[in-house]
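What follows is one structure encoded as structure tokens, with my remarks underneath.
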Amino acid sequence: MLDANLPAAPKNQPKVLNAWASFDWANSVYNLVITTTIFPIFFNQASRAAYGSDVVSFFGFSVENTVLYSYALSVAYLFITLLSPFLSGIADYGGKKKFFMQFFTYLGAFSCMILFFFKGSNVELAIISAALASIGYAGGMVFYNAFLPEIATEDRYDSVSARGFAMGYIGSVILQIVNILMVEKPEWFGIEDAAMGARYSFLTVGVWWLVFSQIAFFYLRDTRHTLESLGSVAKRGIEELKEVGRLILKMPRLLRFLIAFSFYNMGVQTVMFMASLFGEKELQLPTSELIGIILVIQLVAAIGAFVFSKISARFGNLSALLIMVVMWIGICVAAYFVRKGTYDFHILAIWVGLIMGGIQSLSRSTFSKYLPEDTANTASFFSFFNIAERFSTSLGMLAYGLIEQLTGNMRNSAIGLMLFFLVGLVALWSLRKVSREGSPQ
């Protein structure tokens, strides 16, 4: 390969590590405010007010607002899935990680700012901007993660990564609280009403993302300038993923786990994205209550990750995953029967949070335990894992929207998610039966 290598900067520099972690502080607000709380709720309410019903017009096609939102995220994640091999190749072999990290960051941040101009009737602007923000977030994370081996030694990976996660969580909660006040107490900010407060919250997310990401951009730098074309390095990434795919086909336990993960992840991610819309549309919960419920889920998720790590240490990874998938099936059934005017949804939210954190953390660690001990391309295996995660998310959102469109009821979509968890449960059980000593039980 033809490259011009620059002198590598010393690793484990405190300023650089903190700057890298600050990127999580910058972009995590998108996940909490835009994908799970204020934007989906506002999109539902504003479009309903503009059209007089839940049926809206999208480029001349009549469709339910929640169905449209589900389809939009499905398309966005499908696009991210198709783009990932190219981005992984550029991250692994190219010398422009910082450039592409900046490009996707600006795409995501400015897309969030554009949401400020959504008033209810212009759903095309809202849907396209929300989809582009998803692509910007996911694309930037590819290059953000790729910087970690260049700035830290292997013994510091876990601690530095955890620092980024913690900063992202704290930053997103801080801005979320401010945004809640902008919606609930708009007069405190000189804003005319709650709707305008929601629109300003989208603007603050974009500005926060844009401004705080500059810390990482100032300190991070590429250590290699490639003389190959982008097409060439992208092709190398695709070939490497193909090779990993061929290896996985020869590893039955890893293959079975990926199948199980892909199915239950369809349900997990869809619940995360659609919970607030379900509460707003089916149960008619007020905005402040819904946002509070989502915050509770975030807090309980951290506890759940700790609790199920203890369960897995005592009984094994697969046993802990089986317990959580069974609980997910119960949640889907309960969601079908939950009624407004009760606290059933609040109880469900606590259960969702408890197993949300546990199943996400254990899935990644279980996958790593099935990797061959002598493999030299761990990054490529995890690229494959990430692609499976995004593709299954796309399919889950597509199925959720399709079921609602065909049946006219979001509750039926919840039952549809139960089928994904059932398939995942069967796959996990079969994996448990064939696992041998030394594998995660």
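Identifiers in the structure tokens: chain A, B, ... in order shown; residue index from 1 per chain; ligand index from 1 in order shown.
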All helix (DSSP H, G or I) residues (DSSP, backbone) inside segment 315-412 of chain A, as a PyMOL selection string: chain A and resi 315+317-337+344-369+378-407+410-412
Using only C-alpha atoms, which protein or nucleic acid residues come within 8 Å of segment 234-248 of chain A? Drop anything in the same chain fewer than 5 positions from it, and give the result as JSON, numbers by chain. {"A": [85, 86, 87, 88, 89, 90, 92, 93, 254, 255, 380, 381, 383, 384]}
Among the residues A:Ser430, A:Phe42, A:Tyr69, A:Gly424, the one that comes closest to Ile259 of chain A [using only C-alpha atoms]: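 Counting only C-alpha atoms, the residue closest to Ile259 of chain A is A:Gly424.
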Using only C-alpha atoms, tabulate the residues of segment 215-315 of chain A lying at most 10 Å from any atom of segment 142-153 of chain A, each with its closest atom pair and that distance in Å to one decimal, by chain and increasing residue number, as a Markdown table.
```
| residue | atom | partner | partner_atom | distance |
| --- | --- | --- | --- | --- |
| A:Ala216 | CA | A:Tyr144 | CA | 9.3 |
| A:Leu220 | CA | A:Phe147 | CA | 8.1 |
| A:Arg221 | CA | A:Phe147 | CA | 8.9 |
| A:Asp222 | CA | A:Phe147 | CA | 8.6 |
| A:Thr223 | CA | A:Glu150 | CA | 8.2 |
```
Can those selected residues be exported to a file as a tab-separated table (two decimals), in the first residue's frame so that it contains C-alpha atoms?
```
chain	number	residue	atom	x	y	z
A	216	ALA	CA	-12.27	16.59	19.37
A	220	LEU	CA	-7.40	14.61	16.92
A	221	ARG	CA	-5.30	14.27	13.81
A	222	ASP	CA	-4.64	11.64	11.21
A	223	THR	CA	-1.28	9.90	11.38
```
Kindly indicate which residue among A:Ala72, A:Leu419, A:Val29, A:Ala195 lies nearest to Gly401 of chain A, using only C-alpha atoms for the distances.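 Of A:Ala72, A:Leu419, A:Val29, A:Ala195, the one nearest Gly401 of chain A is A:Ala72, counting only C-alpha atoms.
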Distance criterion (only C-alpha atoms): nearest to Lys281 of chain A out of A:Met410, A:Ala131, A:Met418, A:Ala126: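 Using only C-alpha atoms, Lys281 of chain A sits closest to A:Met410.
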Do you know which residues are at most 7 Å from segment 347-361 of chain A counting only C-alpha atoms, after dropping those on the same chain fewer than 5 positions away, and could you put them as a list in words?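 With the cut-off at 7 Å, the set is Ile293, Ile297, Gln298, Val300, Ala301, Ala302, Ile303, Gly304, Ala305, Phe308, Leu321, Met324 and Ile331 of chain A.
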Find the residues around segment 170-184 of chain A up to 6 Å (only C-alpha atoms counted), leave out those fewer than 2 positions away in its own chain, and share them as a list in words.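 Contacts, in chain order: Trp25, Ser28, Val29, Met167, Gly168, Pro186, Ala194, Gly197, Ala198 and Ser201 of chain A.
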Keeping N, CA, C and O atoms for every residue in the selection just given, could you write it to a file as a PDB file, in the first residue's frame?
```pdb
ATOM      1  N   TRP A  25     -19.928  13.423  24.377  1.00  0.00           N
ATOM      2  CA  TRP A  25     -20.685  14.510  25.007  1.00  0.00           C
ATOM      3  C   TRP A  25     -21.402  15.323  23.925  1.00  0.00           C
ATOM      4  O   TRP A  25     -22.540  15.747  24.108  1.00  0.00           O
ATOM      5  N   SER A  28     -24.212  12.634  21.700  1.00  0.00           N
ATOM      6  CA  SER A  28     -25.204  11.787  22.373  1.00  0.00           C
ATOM      7  C   SER A  28     -26.538  12.498  22.568  1.00  0.00           C
ATOM      8  O   SER A  28     -27.572  11.840  22.750  1.00  0.00           O
ATOM      9  N   VAL A  29     -26.531  13.834  22.526  1.00  0.00           N
ATOM     10  CA  VAL A  29     -27.796  14.560  22.669  1.00  0.00           C
ATOM     11  C   VAL A  29     -28.742  14.245  21.513  1.00  0.00           C
ATOM     12  O   VAL A  29     -29.968  14.296  21.673  1.00  0.00           O
ATOM     13  N   MET A 167     -19.516  10.559  29.629  1.00  0.00           N
ATOM     14  CA  MET A 167     -19.653  11.955  29.227  1.00  0.00           C
ATOM     15  C   MET A 167     -20.866  12.135  28.312  1.00  0.00           C
ATOM     16  O   MET A 167     -21.585  13.144  28.404  1.00  0.00           O
ATOM     17  N   GLY A 168     -21.095  11.173  27.428  1.00  0.00           N
ATOM     18  CA  GLY A 168     -22.248  11.248  26.534  1.00  0.00           C
ATOM     19  C   GLY A 168     -23.546  11.207  27.311  1.00  0.00           C
ATOM     20  O   GLY A 168     -24.478  11.970  27.028  1.00  0.00           O
ATOM     21  N   PRO A 186     -41.894  27.525  28.613  1.00  0.00           N
ATOM     22  CA  PRO A 186     -41.315  28.343  27.537  1.00  0.00           C
ATOM     23  C   PRO A 186     -41.132  29.801  27.922  1.00  0.00           C
ATOM     24  O   PRO A 186     -40.210  30.473  27.428  1.00  0.00           O
ATOM     25  N   ALA A 194     -45.222  26.031  23.936  1.00  0.00           N
ATOM     26  CA  ALA A 194     -44.522  24.747  24.026  1.00  0.00           C
ATOM     27  C   ALA A 194     -44.062  24.252  22.667  1.00  0.00           C
ATOM     28  O   ALA A 194     -42.974  23.665  22.542  1.00  0.00           O
ATOM     29  N   GLY A 197     -41.038  25.960  21.823  1.00  0.00           N
ATOM     30  CA  GLY A 197     -39.988  25.437  22.694  1.00  0.00           C
ATOM     31  C   GLY A 197     -39.408  24.143  22.158  1.00  0.00           C
ATOM     32  O   GLY A 197     -38.191  23.923  22.207  1.00  0.00           O
ATOM     33  N   ALA A 198     -40.276  23.260  21.635  1.00  0.00           N
ATOM     34  CA  ALA A 198     -39.805  22.008  21.038  1.00  0.00           C
ATOM     35  C   ALA A 198     -38.933  22.284  19.822  1.00  0.00           C
ATOM     36  O   ALA A 198     -37.875  21.662  19.640  1.00  0.00           O
ATOM     37  N   SER A 201     -35.611  23.360  20.781  1.00  0.00           N
ATOM     38  CA  SER A 201     -34.807  22.259  21.316  1.00  0.00           C
ATOM     39  C   SER A 201     -34.052  21.554  20.199  1.00  0.00           C
ATOM     40  O   SER A 201     -32.904  21.125  20.385  1.00  0.00           O
TER      41      SER A 201
END
```
Atom CA of Ala427 of chain A to atom CA of Leu258 of chain A, distance in Å rounded to a single decimal: 9.3 Å
So how many Å separate atom CA of Leu107 of chain A and atom CA of Ala133 of chain A, to one decimal?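 We find that atom CA of Leu107 of chain A and atom CA of Ala133 of chain A lie 6.6 Å from each other.
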For a test of reading the model, state the distance in Å between atom CA of Trp328 of chain A and atom CA of Leu290 of chain A, rounded to one decimal.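 Atom-to-atom, atom CA of Trp328 of chain A and atom CA of Leu290 of chain A are spaced 20.3 Å apart.
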Using only C-alpha atoms: which of A:Pro10, A:Pro40, A:Gly408, A:Pro372 has the shortest distance to Lys250 of chain A: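 Counting only C-alpha atoms, the residue closest to Lys250 of chain A is A:Pro372.
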Neighbouring residues of Val338 of chain A were defined as those with any atom within 12 Å, considering only C-alpha atoms; residues of the same chain fewer than 5 positions away were excluded. Please report them as a list in words.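 Contacts, in chain order: Phe278, Gly279, Glu282, Leu283, Ile331, Cys332, Val333, Tyr343, Asp344, Phe345, His346, Ile347, Leu348, Ala349, Met410, Arg411 and Ala414 of chain A.
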Between A:Ala313, A:Leu322, A:Val160, A:Ile415, which is the closest to Asn12 of chain A once you count only C-alpha atoms?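 Closest residue, counting only C-alpha atoms: A:Val160.
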Neighbours of Val55 of chain A within 7 Å (only C-alpha atoms; same-chain residues fewer than 4 positions away dropped), as an MDAnalysis selection string? chainID A and resid 62:65
So which one's closest to Val67 of chain A, A:Ala130, A:Ile403, A:Met251, A:Val423? Using only C-alpha atoms, please.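 For Val67 of chain A, the nearest of the candidates is A:Ile403.
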Report as a PyMOL selection string: the residues of segment 59-179 of chain A with a DSSP assignment of strand (DSSP E or B), based on the backbone of this structure. chain A and resi 61-64
